[in-house]
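entry_31.txt follows (compact mmCIF, C-alpha atoms):
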```
# COMPACT_ATOMS: atom_id res chain seq x y z
CA MET B 16 -0.49 -11.90 -13.27
CA LYS B 17 -1.15 -11.85 -9.51
CA LEU B 18 1.08 -13.20 -6.76
CA TYR B 19 -0.50 -14.15 -3.43
CA ARG B 20 1.26 -14.96 -0.18
CA THR B 21 -0.67 -17.45 1.96
CA THR B 22 -0.23 -19.39 5.16
CA SER B 23 0.81 -22.45 3.12
CA GLY B 24 3.11 -20.77 0.61
CA TYR B 25 2.50 -18.61 -2.43
CA ILE B 26 0.18 -18.88 -5.40
CA VAL B 27 0.20 -17.25 -8.83
CA GLU B 28 -2.99 -16.33 -10.69
CA GLU B 29 -2.78 -15.99 -14.47
CA HIS B 30 -5.75 -15.88 -16.85
CA ASP B 31 -8.12 -17.07 -14.07
CA ARG B 32 -5.94 -20.11 -13.35
CA PHE B 33 -4.02 -20.66 -10.14
CA TYR B 34 -0.56 -22.21 -9.84
CA LEU B 35 1.59 -23.31 -6.93
CA PRO B 36 5.02 -24.99 -6.69
CA GLN B 37 5.00 -28.78 -7.02
CA LYS B 38 5.29 -30.65 -3.72
CA ASP B 39 8.78 -31.91 -4.48
CA HIS B 40 9.81 -28.26 -4.83
CA GLY B 41 8.55 -27.52 -1.32
CA ARG B 42 6.97 -24.13 -1.10
CA GLY B 43 9.20 -22.77 -3.82
CA GLU B 44 12.04 -20.34 -3.32
CA PRO B 45 11.90 -18.03 -0.30
CA TRP B 46 9.50 -15.11 -0.64
CA GLU B 47 12.34 -12.73 0.16
CA SER B 48 14.30 -14.01 -2.85
CA LEU B 49 11.32 -14.16 -5.18
CA THR B 50 10.21 -10.58 -4.61
CA THR B 51 13.61 -9.02 -5.28
CA LYS B 52 13.89 -10.19 -8.90
CA ASP B 53 13.99 -7.45 -11.52
CA ASP B 54 12.29 -9.80 -13.99
CA LEU B 55 9.70 -11.15 -11.56
CA HIS B 56 7.00 -11.35 -14.23
CA GLY B 57 9.21 -13.30 -16.66
CA HIS B 58 10.55 -15.49 -13.88
CA LEU B 59 7.07 -16.59 -12.81
CA GLN B 60 5.96 -17.17 -16.39
CA ARG B 61 8.98 -19.39 -17.06
CA GLN B 62 8.34 -21.46 -13.95
CA ILE B 63 4.75 -22.11 -15.02
CA GLN B 64 5.73 -22.91 -18.60
CA ASP B 65 8.52 -25.25 -17.48
CA GLY B 66 6.10 -27.24 -15.32
CA ASP B 67 7.77 -26.29 -12.02
CA TRP B 68 4.37 -25.11 -10.85
CA ILE B 69 1.09 -27.02 -11.07
CA GLU B 70 -2.51 -25.87 -11.15
CA GLY B 71 -4.25 -25.46 -7.84
CA ALA B 72 -7.26 -23.80 -6.30
CA ARG B 73 -8.04 -20.17 -5.58
CA PRO B 74 -6.50 -19.23 -2.22
CA ALA B 75 -8.98 -19.04 0.63
CA VAL B 76 -9.58 -15.52 1.90
CA GLN B 77 -8.69 -16.49 5.46
CA ASP B 78 -5.31 -17.82 4.30
CA LEU B 79 -4.11 -14.61 2.66
CA GLN B 80 -1.18 -12.81 4.26
CA ALA B 81 0.39 -9.43 3.71
CA PRO B 82 2.62 -9.75 0.60
CA ILE B 83 5.71 -8.54 2.44
CA GLY B 84 8.95 -10.24 3.42
CA ASN B 85 11.90 -8.25 4.76
CA GLN B 86 11.05 -5.05 2.93
CA GLU B 87 10.69 -1.69 4.58
CA VAL B 88 7.58 0.33 3.75
CA TRP B 89 8.01 3.98 2.80
CA ALA B 90 5.44 6.54 1.75
CA ALA B 91 5.06 9.69 -0.30
CA GLY B 92 2.91 12.58 0.86
CA VAL B 93 0.99 15.39 -0.80
CA THR B 94 1.03 13.78 -4.24
CA TYR B 95 -2.64 14.60 -4.89
CA TYR B 96 -4.34 18.00 -4.70
CA ARG B 97 -6.94 16.62 -2.27
CA SER B 98 -4.17 15.56 0.09
CA ARG B 99 -2.61 19.01 -0.16
CA GLU B 100 -5.93 20.62 0.80
CA ALA B 101 -6.42 18.30 3.77
CA ARG B 102 -2.90 18.78 5.13
CA ILE B 103 -3.14 22.58 4.86
CA GLN B 104 -6.50 22.62 6.64
CA GLU B 105 -5.50 20.31 9.48
CA SER B 106 -2.24 22.15 10.28
CA LYS B 107 -3.37 25.74 9.67
CA SER B 108 -3.73 26.56 13.37
CA ALA B 109 -0.20 25.23 14.02
CA GLY B 110 1.28 27.47 11.35
CA GLY B 111 2.33 24.53 9.18
CA GLY B 112 -0.15 24.88 6.33
CA ASP B 113 2.38 26.55 4.07
CA PHE B 114 4.72 23.55 4.33
CA TYR B 115 2.33 21.33 2.40
CA ASP B 116 1.59 23.95 -0.23
CA ARG B 117 5.32 24.27 -0.89
CA VAL B 118 5.99 20.53 -1.11
CA TYR B 119 3.10 20.04 -3.53
CA ASP B 120 4.76 22.45 -5.97
CA ALA B 121 8.38 21.52 -5.25
CA GLU B 122 10.53 19.30 -7.43
CA ARG B 123 11.57 17.17 -4.43
CA PRO B 124 8.71 15.02 -3.07
CA GLU B 125 7.85 14.38 0.55
CA LEU B 126 9.07 10.88 1.45
CA PHE B 127 8.91 9.31 4.88
CA PHE B 128 9.41 5.96 6.56
CA LYS B 129 6.13 4.16 7.23
CA ALA B 130 6.56 0.64 8.59
CA THR B 131 8.71 -2.38 9.26
CA PRO B 132 7.17 -5.77 8.36
CA HIS B 133 5.95 -6.49 11.89
CA ARG B 134 3.85 -3.30 11.83
CA VAL B 135 2.06 -4.37 8.63
CA VAL B 136 -1.20 -6.33 8.57
CA GLY B 137 -2.63 -8.24 5.65
CA PRO B 138 -6.08 -8.79 4.14
CA ASN B 139 -8.83 -9.04 6.77
CA GLY B 140 -6.38 -8.10 9.50
CA MET B 141 -6.99 -5.49 12.17
CA VAL B 142 -5.48 -2.07 11.63
CA ALA B 143 -5.12 0.24 14.62
CA ILE B 144 -5.87 3.81 15.61
CA ARG B 145 -3.71 5.47 18.23
CA ASN B 146 -5.33 5.83 21.64
CA ASP B 147 -3.81 9.31 21.98
CA SER B 148 -5.37 10.55 18.73
CA SER B 149 -8.79 12.15 18.48
CA TRP B 150 -8.94 12.14 14.67
CA SER B 151 -7.87 9.12 12.64
CA VAL B 152 -8.48 8.16 9.01
CA PRO B 153 -7.41 5.53 6.49
CA GLU B 154 -5.52 6.66 3.41
CA PRO B 155 -6.07 4.42 0.36
CA GLU B 156 -2.96 4.28 -1.80
CA LEU B 157 -1.33 2.48 -4.69
CA ALA B 158 1.74 0.71 -3.32
CA LEU B 159 4.76 -0.05 -5.49
CA LEU B 160 6.89 -3.15 -5.00
CA VAL B 161 10.43 -2.00 -5.86
CA SER B 162 13.44 -4.24 -6.38
CA PRO B 163 16.90 -3.60 -4.84
CA THR B 164 17.94 -2.01 -8.16
CA ALA B 165 15.09 0.55 -7.97
CA LYS B 166 12.89 -1.16 -10.55
CA ILE B 167 9.11 -1.23 -10.06
CA ILE B 168 8.23 -4.93 -10.35
CA GLY B 169 4.70 -5.00 -8.99
CA TYR B 170 1.79 -3.17 -7.43
CA THR B 171 -0.48 -3.75 -4.45
CA ILE B 172 -3.00 -1.86 -2.33
CA GLY B 173 -1.83 0.07 0.70
CA ASN B 174 -3.64 1.62 3.65
CA ASP B 175 -1.60 4.37 5.27
CA MET B 176 -3.41 4.75 8.60
CA SER B 177 -2.99 8.31 9.82
CA SER B 178 -3.61 10.32 12.99
CA ARG B 179 -4.67 13.67 11.62
CA SER B 180 -5.01 15.32 15.04
CA ILE B 181 -1.37 14.55 15.86
CA GLU B 182 0.06 15.62 12.51
CA GLY B 183 -2.15 18.71 12.51
CA GLU B 184 -0.87 19.76 15.93
CA ASN B 185 2.62 20.09 14.48
CA PRO B 186 4.06 18.79 11.17
CA LEU B 187 7.14 17.62 13.11
CA TYR B 188 4.90 15.02 14.76
CA LEU B 189 4.52 13.22 11.41
CA PRO B 190 6.42 10.07 12.54
CA GLN B 191 4.10 9.67 15.53
CA ALA B 192 1.04 10.27 13.37
CA LYS B 193 2.13 7.69 10.81
CA VAL B 194 4.37 5.05 12.41
CA TYR B 195 2.95 2.74 15.07
CA ASP B 196 1.89 -0.89 15.43
CA ARG B 197 -0.66 -1.99 12.79
CA SER B 198 -0.49 1.41 11.10
CA CYS B 199 -0.19 -0.09 7.63
CA ALA B 200 -2.02 -2.73 5.60
CA LEU B 201 -0.97 -4.31 2.30
CA GLY B 202 -2.72 -6.77 -0.03
CA PRO B 203 -4.55 -8.78 -1.12
CA CYS B 204 -1.87 -9.66 -3.71
CA ILE B 205 0.89 -8.23 -5.86
CA LEU B 206 -0.07 -7.39 -9.41
CA VAL B 207 3.06 -8.45 -11.29
CA THR B 208 3.42 -6.65 -14.60
CA PRO B 209 6.28 -5.08 -16.55
CA ASP B 210 3.98 -2.27 -17.66
CA PRO B 211 3.03 0.91 -15.75
CA LEU B 212 -0.58 1.18 -14.66
CA PRO B 213 -2.72 3.42 -16.87
CA PRO B 214 -3.83 6.86 -15.57
CA SER B 215 -7.43 5.64 -15.72
CA THR B 216 -6.72 3.13 -12.92
CA GLU B 217 -9.39 3.70 -10.28
CA ILE B 218 -8.86 3.79 -6.51
CA SER B 219 -11.92 3.63 -4.29
CA LEU B 220 -12.52 3.74 -0.56
CA GLU B 221 -15.58 2.75 1.43
CA ILE B 222 -15.85 2.76 5.21
CA ALA B 223 -18.68 0.76 6.78
CA ARG B 224 -19.89 1.12 10.36
CA ARG B 225 -22.31 -1.45 11.71
CA ALA B 226 -22.94 -2.65 8.14
CA ARG B 227 -23.82 0.86 6.98
CA SER B 228 -21.69 2.92 4.61
CA GLU B 229 -20.31 5.98 6.41
CA PHE B 230 -18.06 7.29 3.65
CA ALA B 231 -17.26 6.41 0.04
CA ALA B 232 -15.19 8.10 -2.65
CA THR B 233 -13.22 7.36 -5.79
CA THR B 234 -10.24 8.84 -7.62
CA THR B 235 -7.88 7.77 -10.40
CA LEU B 236 -4.13 7.75 -10.93
CA ALA B 237 -4.65 10.60 -13.40
CA SER B 238 -5.09 12.87 -10.35
CA MET B 239 -1.68 12.01 -8.96
CA LYS B 240 0.79 14.81 -9.60
CA ARG B 241 3.97 12.78 -9.06
CA ASP B 242 5.28 10.10 -11.40
CA PRO B 243 5.89 6.76 -9.60
CA VAL B 244 9.26 6.32 -11.31
CA SER B 245 10.37 9.74 -10.08
CA LEU B 246 9.24 8.93 -6.52
CA VAL B 247 11.35 5.76 -6.58
CA GLU B 248 14.35 7.65 -7.96
CA TYR B 249 14.23 10.13 -5.07
CA LEU B 250 13.74 7.35 -2.51
CA TYR B 251 16.83 5.49 -3.70
CA ARG B 252 19.06 8.56 -3.63
CA SER B 253 21.80 7.85 -1.07
CA SER B 254 19.74 4.92 0.30
CA SER B 255 20.03 1.21 -0.41
CA PHE B 256 17.34 -1.44 -0.01
CA PRO B 257 18.93 -4.92 -0.13
CA ALA B 258 15.51 -6.57 0.18
CA GLY B 259 13.76 -4.02 -2.01
CA CYS B 260 10.91 -2.00 -0.54
CA PHE B 261 7.30 -0.98 -0.79
CA LEU B 262 6.48 2.64 -1.56
CA LEU B 263 3.02 4.05 -0.90
CA THR B 264 2.35 6.73 -3.49
CA GLY B 265 0.01 9.07 -1.61
CA THR B 266 -3.72 9.46 -1.36
CA GLY B 267 -6.30 11.35 -3.37
CA ILE B 268 -9.15 10.45 -1.01
CA VAL B 269 -9.53 12.04 2.42
CA PRO B 270 -12.76 11.78 4.46
CA PRO B 271 -14.31 15.06 5.64
CA ASP B 272 -12.98 16.74 8.75
CA SER B 273 -16.09 15.65 10.67
CA PHE B 274 -15.20 11.96 10.23
CA THR B 275 -12.95 9.84 12.42
CA LEU B 276 -12.51 6.08 12.58
CA VAL B 277 -13.79 4.10 15.56
CA PRO B 278 -13.15 0.47 16.56
CA GLY B 279 -15.21 -1.93 14.50
CA ASP B 280 -15.18 0.15 11.31
CA GLU B 281 -14.56 -1.88 8.17
CA ILE B 282 -12.31 -0.35 5.52
CA HIS B 283 -12.61 -1.43 1.88
CA ILE B 284 -9.97 -0.19 -0.59
CA ALA B 285 -10.21 -1.30 -4.21
CA ILE B 286 -7.82 -0.66 -7.10
CA THR B 287 -8.60 -1.66 -10.67
CA GLY B 288 -6.65 -4.73 -11.73
CA ILE B 289 -5.46 -5.59 -8.22
CA GLY B 290 -8.56 -6.32 -6.15
CA THR B 291 -9.92 -5.20 -2.79
CA LEU B 292 -8.14 -4.87 0.54
CA VAL B 293 -10.47 -5.23 3.53
CA ASN B 294 -9.46 -4.42 7.10
CA THR B 295 -11.24 -3.84 10.38
CA VAL B 296 -10.29 -1.21 12.94
CA GLY B 297 -9.37 -2.97 16.16
```

Go ahead and render the structure in this file as structure tokens.
Amino acid sequence: MKLYRTTSGYIVEEHDRFYLPQKDHGRGEPWESLTTKDDLHGHLQRQIQDGDWIEGARPAVQDLQAPIGNQEVWAAGVTYYRSREARIQESKSAGGGDFYDRVYDAERPELFFKATPHRVVGPNGMVAIRNDSSWSVPEPELALLVSPTAKIIGYTIGNDMSSRSIEGENPLYLPQAKVYDRSCALGPCILVTPDPLPPSTEISLEIARRARSEFAATTTLASMKRDPVSLVEYLYRSSSFPAGCFLLTGTGIVPPDSFTLVPGDEIHIAITGIGTLVNTVG
């Protein structure tokens, strides 16, 4: 089951059929309330079965919005070996390479704040690169939708835009490398399922420049060292999330050191079972 947020409300896709709240129900309950339910999958199924929702049309691409309400967005780092390699290489001259090697092997994961809702763009929106960074890349990631009670209730695609030159200069500059306006993209929908995604789930990235592919790569969740449930457990230690949150689970795809994004680049991130998130660098 997929849940879309659009300019005219929200739409559920199930078995290639699309459902929306009946007109006399308005646009349905507030998005912020809907996406905090521990039993989101069952809740949506019951609404469809009870006739509260009626069949509609596939949402238009231009109407899709980022599937976020009041949630914060957090992120996990160095959860894939490829990410470990990249972080060590970029920060070696600053003496920080050992930090990433240690966190890859440590029991405690690296977790950091990524974005507030106003810094997040949706499908077909423009992500940004910092004007004080000489080396910027997208990071394709599986994003977890987590309820206030720390339950994973859905999945979406995340793009953790990153300024590698800033983080590489000094690991303490991580917030500046990661947190800025339009530094995060989410979408195109939330895959709502009570089941964990299989390790074979594929994540792919392609970056096009002037309609020509500049970089493409693929990985799977089997390459992720950390368990999503464990990441959530650490995130919720001594922290509360009344609106729930999104948690980006790290990247296993990093473009070569010779590559940096430029304005106009088109970023395509696809995850099996969820869809494709497309953004342009603006």

Would you mind reading off the distance between atom CA of Ser149 of chain B and atom CA of Phe261 of chain B, one decimal, in Å? 28.3 Å

Can you tell me, as a ChimeraX atom specification, which residues sit within 12 Å of (17.6, -1.9, -6.8) in the file's frame, using only C-alpha atoms? /B:50-54,160-168,247-248,250-252,254-261

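One distance worth recording is that between atom CA of Ile181 of chain B and atom CA of Phe128 of chain B, which is 16.6 Å.
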
Between atom CA of Gly265 of chain B and atom CA of Ala90 of chain B, what is the spacing in Å? 6.9 Å

Which residues, protein or nucleic acid, reach to within 7 Å of (-1.4, -13.1, -5.8) in the file's coordinates when using only C-alpha atoms, and can you give that as a ChimeraX atom specification? /B:17-20,26-28,204-206

Could you check the closest approach to Pro213 of chain B for each of B:Ser238, B:Pro155, B:Gly140, B:Val293 and tell me which residue wins, using only C-alpha atoms? B:Ser238

Would you pick out the contacts of segment 172-180 of chain B at 7 Å or less, using all atoms listed in the file, so that residues sharing its chain but fewer than 4 positions from it are not included, and give the list as a CSV table (one decimal) with C-alpha atoms, keeping the file's coordinate frame?
```csv
chain,number,residue,atom,x,y,z
B,148,SER,CA,-5.4,10.6,18.7
B,149,SER,CA,-8.8,12.2,18.5
B,150,TRP,CA,-8.9,12.1,14.7
B,151,SER,CA,-7.9,9.1,12.6
B,152,VAL,CA,-8.5,8.2,9.0
B,153,PRO,CA,-7.4,5.5,6.5
B,154,GLU,CA,-5.5,6.7,3.4
B,155,PRO,CA,-6.1,4.4,0.4
B,156,GLU,CA,-3.0,4.3,-1.8
B,157,LEU,CA,-1.3,2.5,-4.7
B,158,ALA,CA,1.7,0.7,-3.3
B,184,GLU,CA,-0.9,19.8,15.9
B,192,ALA,CA,1.0,10.3,13.4
B,193,LYS,CA,2.1,7.7,10.8
B,198,SER,CA,-0.5,1.4,11.1
B,199,CYS,CA,-0.2,-0.1,7.6
B,200,ALA,CA,-2.0,-2.7,5.6
B,201,LEU,CA,-1.0,-4.3,2.3
B,202,GLY,CA,-2.7,-6.8,0.0
B,263,LEU,CA,3.0,4.0,-0.9
B,286,ILE,CA,-7.8,-0.7,-7.1
B,292,LEU,CA,-8.1,-4.9,0.5
```

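Minimum distance to Asp242 of chain B across B:His58, B:Lys129, B:His30, B:Arg123 (counting all atoms listed in the file) occurs at B:Arg123.
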
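Nearest to Val269 of chain B of all the residues B:Gln62, B:Asn139, B:Ser245, B:Thr233 is B:Thr233, based on only C-alpha atoms.
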
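Here the question is which of B:Tyr249, B:Trp46, B:Tyr170, B:Tyr25 gets nearest to Thr287 of chain B using all atoms listed in the file, and that residue is B:Tyr170.
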
Restricting to all atoms listed in the file, whichever of B:Ile63, B:Leu189, B:Ile218, B:Ala237 is closest to Gly290 of chain B is B:Ile218

Using all atoms listed in the file, find the one residue out of B:Asn146, B:Gln191, B:Thr234, B:Thr264 that sits nearest to Gly92 of chain B. B:Thr264

Grab all the atoms of segment 68-85 of chain B that the file lists, wrap them in a box along x, y and z, add 5 Å per side, and give me centre plus edge lengths in Å (one decimal) as JSON.
```
{"center_x": 1.2, "center_y": -17.6, "center_z": -2.8, "size_x": 31.5, "size_y": 28.8, "size_z": 26.6}
```

For Pro124 of chain B, work out the shell of residues within 8 Å, counting all atoms listed in the file and skipping chain neighbours fewer than 3 positions away, then give it as a PyMOL selection string. chain B and resi 91-92+94+118-119+121+241+246+249
